[in-house]
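Here is the structure we will look at, set down as structure tokens.
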Amino acid sequence: MKLKYFAWVRQRAGTGSETVDVPPEVSTVAELVGWLRSRSPGLAEAFQDTTAIRCAVNQTYVEWDHPVAQNDEVAFFPPVTGG
Amino acid sequence: MSVRVQEAAFDVAVEMAETTGGDTSIGGVAMFVGLVRDLDPHADAKTVSALTLEHYPGMTERQLESIEAEALQRWPLAATRIVHRHGRMEPGEPIVLVICCSAHREAAFEACAFLMDWLKTKAPFWKVEDTDDGPRWVEARAADDAAADRWAKPEC
């Protein structure tokens, strides 16, 4: 699975993107976040308060119960502030 | 009907001429240009010396194109253009440009406001400001969500 992090999520995660092999029991965005938290202190800090984080699967905004699959591109970032 | 995400500055006059393209059925052009501000009245009034915009290449263009398509569906527009910059900018520099052309002004005004309101809440850009106290990520504003919500269709 291809993961992308932006803005302060990227800074806390310590990387802007990574490719990971996700365990088979991870089937939703929420489960993915739970698994990511256990991977490094930086990711644990990045995902401490998930109310401040938005998610996109394959470049489309999704909610936390959205399914994820091995070939997906999943991105995490704070609420957007462009314009 | 055009969306661009770029690092370089843009020239408003050139963009407008390209967008209207000599179409004489256009009776009105509404335009919004967002600039880098050096003092943020919503924060604790720290001076901003520079702004850096990060974005999600690929998703940004998709979101802007979908927002533009929505505007074209809702209003009778002859031409539209969205240009959004990323990278480092200094106060006074242009960040974003939205142009809406129509036969009459109402559609142009409304579509321009709609595009900016939706862009601010849906396009994946993030601003980090260089302030006297160091870099600071700009936080999303509830007022921007409220502005975008006013365009929600009743059936949504």
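As shown in the structure tokens, the chain order sets the letters A, B, ...; within each chain, residues go from 1, and ligands are also counted from 1 in the order they appear.
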If we count only C-alpha atoms, which residues of chain A reach to within 10 Å of chain B? Please list them as a list of chain:residue names. A:Lys4, A:Tyr5, A:Phe6, A:Ala7, A:Trp8, A:Ala52, A:Ala56, A:Asn58, A:Gln59, A:Thr60, A:Tyr61, A:Ala75, A:Phe77, A:Pro78, A:Pro79, A:Val80, A:Thr81, A:Gly82, A:Gly83
Find the residues around region 11-22 of chain A up to 6 Å (only C-alpha atoms counted), leave out those fewer than 4 positions away in its own chain, and share them as JSON, numbers by chain. {"A": [1, 2, 3, 4, 5, 42, 43, 46]}
Would you list the contacts of His66 (chain A) as a PDB file with C-alpha atoms, in the first residue's frame, taking every protein, DNA or RNA residue within 9 Å and counting only C-alpha atoms, but skipping same-chain residues closer than 6 positions in sequence?
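Writing the result to out-v6.pdb gives the following:
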ATOM      1  CA  SER A  27      -9.414  -3.511   6.145  1.00  0.00           C
ATOM      2  CA  THR A  28     -10.501   0.074   6.921  1.00  0.00           C
ATOM      3  CA  VAL A  29      -8.871   3.489   7.236  1.00  0.00           C
ATOM      4  CA  ALA A  30      -9.436   3.407  11.023  1.00  0.00           C
ATOM      5  CA  VAL A  57      -8.058   6.949  -0.688  1.00  0.00           C
TER       6      VAL A  57
END
What's the 8 Å shell around region 69-76 of chain B, counting only C-alpha atoms, without same-chain residues fewer than 5 positions away, as a list in words? Ser102, Ala103, Ala107, Ala111, Phe114 and Leu115 of chain B
I need the residues in region 3-83 of chain A that are strand (DSSP E) according to DSSP; give them as a ChimeraX atom specification. /A:3-5,17-19,54-57,60-62,73-77
Can you list, as a PyMOL selection string, all residues belonging to chain B that DSSP tags as alpha helix (DSSP H)? chain B and resi 12-20+59-74+105-122+142-149
Prev. selection, C-alpha atoms, output as an mmCIF file, in the first residue's frame:
data_model
loop_
_atom_site.group_PDB
_atom_site.id
_atom_site.type_symbol
_atom_site.label_atom_id
_atom_site.label_comp_id
_atom_site.auth_asym_id
_atom_site.auth_seq_id
_atom_site.Cartn_x
_atom_site.Cartn_y
_atom_site.Cartn_z
ATOM 1 C CA VAL B 12 -3.696 38.668 -14.294
ATOM 2 C CA ALA B 13 -4.072 40.576 -17.593
ATOM 3 C CA VAL B 14 -2.572 37.726 -19.632
ATOM 4 C CA GLU B 15 -4.737 35.149 -17.841
ATOM 5 C CA MET B 16 -7.884 37.191 -18.456
ATOM 6 C CA ALA B 17 -7.124 37.713 -22.153
ATOM 7 C CA GLU B 18 -6.467 33.984 -22.606
ATOM 8 C CA THR B 19 -9.654 33.055 -20.731
ATOM 9 C CA THR B 20 -12.007 35.323 -22.670
ATOM 10 C CA MET B 59 -5.331 15.034 -6.170
ATOM 11 C CA THR B 60 -5.069 18.844 -6.291
ATOM 12 C CA GLU B 61 -5.712 18.951 -10.032
ATOM 13 C CA ARG B 62 -8.532 16.399 -9.733
ATOM 14 C CA GLN B 63 -10.243 18.383 -6.999
ATOM 15 C CA LEU B 64 -9.916 21.690 -8.854
ATOM 16 C CA GLU B 65 -11.258 20.133 -12.053
ATOM 17 C CA SER B 66 -14.219 18.658 -10.213
ATOM 18 C CA ILE B 67 -14.984 21.988 -8.497
ATOM 19 C CA GLU B 68 -14.777 23.752 -11.858
ATOM 20 C CA ALA B 69 -17.075 21.157 -13.462
ATOM 21 C CA GLU B 70 -19.606 21.749 -10.667
ATOM 22 C CA ALA B 71 -19.575 25.514 -11.338
ATOM 23 C CA LEU B 72 -20.069 24.938 -15.073
ATOM 24 C CA GLN B 73 -23.065 22.749 -14.295
ATOM 25 C CA ARG B 74 -24.657 25.296 -11.942
ATOM 26 C CA ARG B 105 -22.703 39.497 -14.275
ATOM 27 C CA GLU B 106 -24.818 37.484 -11.818
ATOM 28 C CA ALA B 107 -23.520 34.109 -12.980
ATOM 29 C CA ALA B 108 -19.934 35.385 -13.106
ATOM 30 C CA PHE B 109 -20.069 36.871 -9.572
ATOM 31 C CA GLU B 110 -21.792 33.867 -8.016
ATOM 32 C CA ALA B 111 -19.620 31.235 -9.717
ATOM 33 C CA CYS B 112 -16.456 33.103 -8.727
ATOM 34 C CA ALA B 113 -17.497 33.186 -5.046
ATOM 35 C CA PHE B 114 -18.557 29.542 -5.221
ATOM 36 C CA LEU B 115 -15.237 28.442 -6.724
ATOM 37 C CA MET B 116 -13.219 30.251 -4.065
ATOM 38 C CA ASP B 117 -15.377 28.942 -1.206
ATOM 39 C CA TRP B 118 -15.193 25.365 -2.428
ATOM 40 C CA LEU B 119 -11.517 25.595 -3.323
ATOM 41 C CA LYS B 120 -10.650 26.746 0.204
ATOM 42 C CA THR B 121 -12.318 23.742 1.803
ATOM 43 C CA LYS B 122 -11.735 20.992 -0.801
ATOM 44 C CA ALA B 142 -14.753 27.400 10.663
ATOM 45 C CA ALA B 143 -15.798 30.524 8.718
ATOM 46 C CA ASP B 144 -14.439 28.929 5.539
ATOM 47 C CA ASP B 145 -16.509 25.791 6.143
ATOM 48 C CA ALA B 146 -19.586 27.957 6.708
ATOM 49 C CA ALA B 147 -18.893 29.883 3.485
ATOM 50 C CA ALA B 148 -18.637 26.610 1.532
ATOM 51 C CA ASP B 149 -21.786 25.224 3.178
#
When you look at Pro24 (chain A) with a cut-off of 12 Å (counting only C-alpha atoms), what residues show up, excluding the ones that are within fewer than 6 positions of it in the same chain? I need them as a PDB file with N, CA and C atoms, in the first residue's frame.
ATOM      1  N   MET A   1       0.856  -1.194   0.000  1.00  0.00           N
ATOM      2  CA  MET A   1       0.000   0.000   0.000  1.00  0.00           C
ATOM      3  C   MET A   1       0.890   1.241   0.000  1.00  0.00           C
ATOM      4  N   GLU A  31      -8.618   1.116  10.926  1.00  0.00           N
ATOM      5  CA  GLU A  31      -7.717   0.005  11.297  1.00  0.00           C
ATOM      6  C   GLU A  31      -6.295   0.275  10.821  1.00  0.00           C
ATOM      7  N   LEU A  32      -6.181   0.911   9.655  1.00  0.00           N
ATOM      8  CA  LEU A  32      -4.861   1.272   9.135  1.00  0.00           C
ATOM      9  C   LEU A  32      -4.170   2.252  10.082  1.00  0.00           C
ATOM     10  N   TRP A  35      -2.877   0.540  13.136  1.00  0.00           N
ATOM     11  CA  TRP A  35      -1.655  -0.218  12.836  1.00  0.00           C
ATOM     12  C   TRP A  35      -0.460   0.736  12.664  1.00  0.00           C
ATOM     13  N   VAL A  68      -9.834  -0.177   2.813  1.00  0.00           N
ATOM     14  CA  VAL A  68      -8.532   0.021   2.156  1.00  0.00           C
ATOM     15  C   VAL A  68      -8.029  -1.336   1.661  1.00  0.00           C
ATOM     16  N   ALA A  69      -7.319  -1.303   0.528  1.00  0.00           N
ATOM     17  CA  ALA A  69      -6.772  -2.537  -0.041  1.00  0.00           C
ATOM     18  C   ALA A  69      -5.300  -2.327  -0.373  1.00  0.00           C
ATOM     19  N   GLN A  70      -4.615  -3.441  -0.581  1.00  0.00           N
ATOM     20  CA  GLN A  70      -3.155  -3.436  -0.764  1.00  0.00           C
ATOM     21  C   GLN A  70      -2.685  -2.479  -1.875  1.00  0.00           C
TER      22      GLN A  70
END
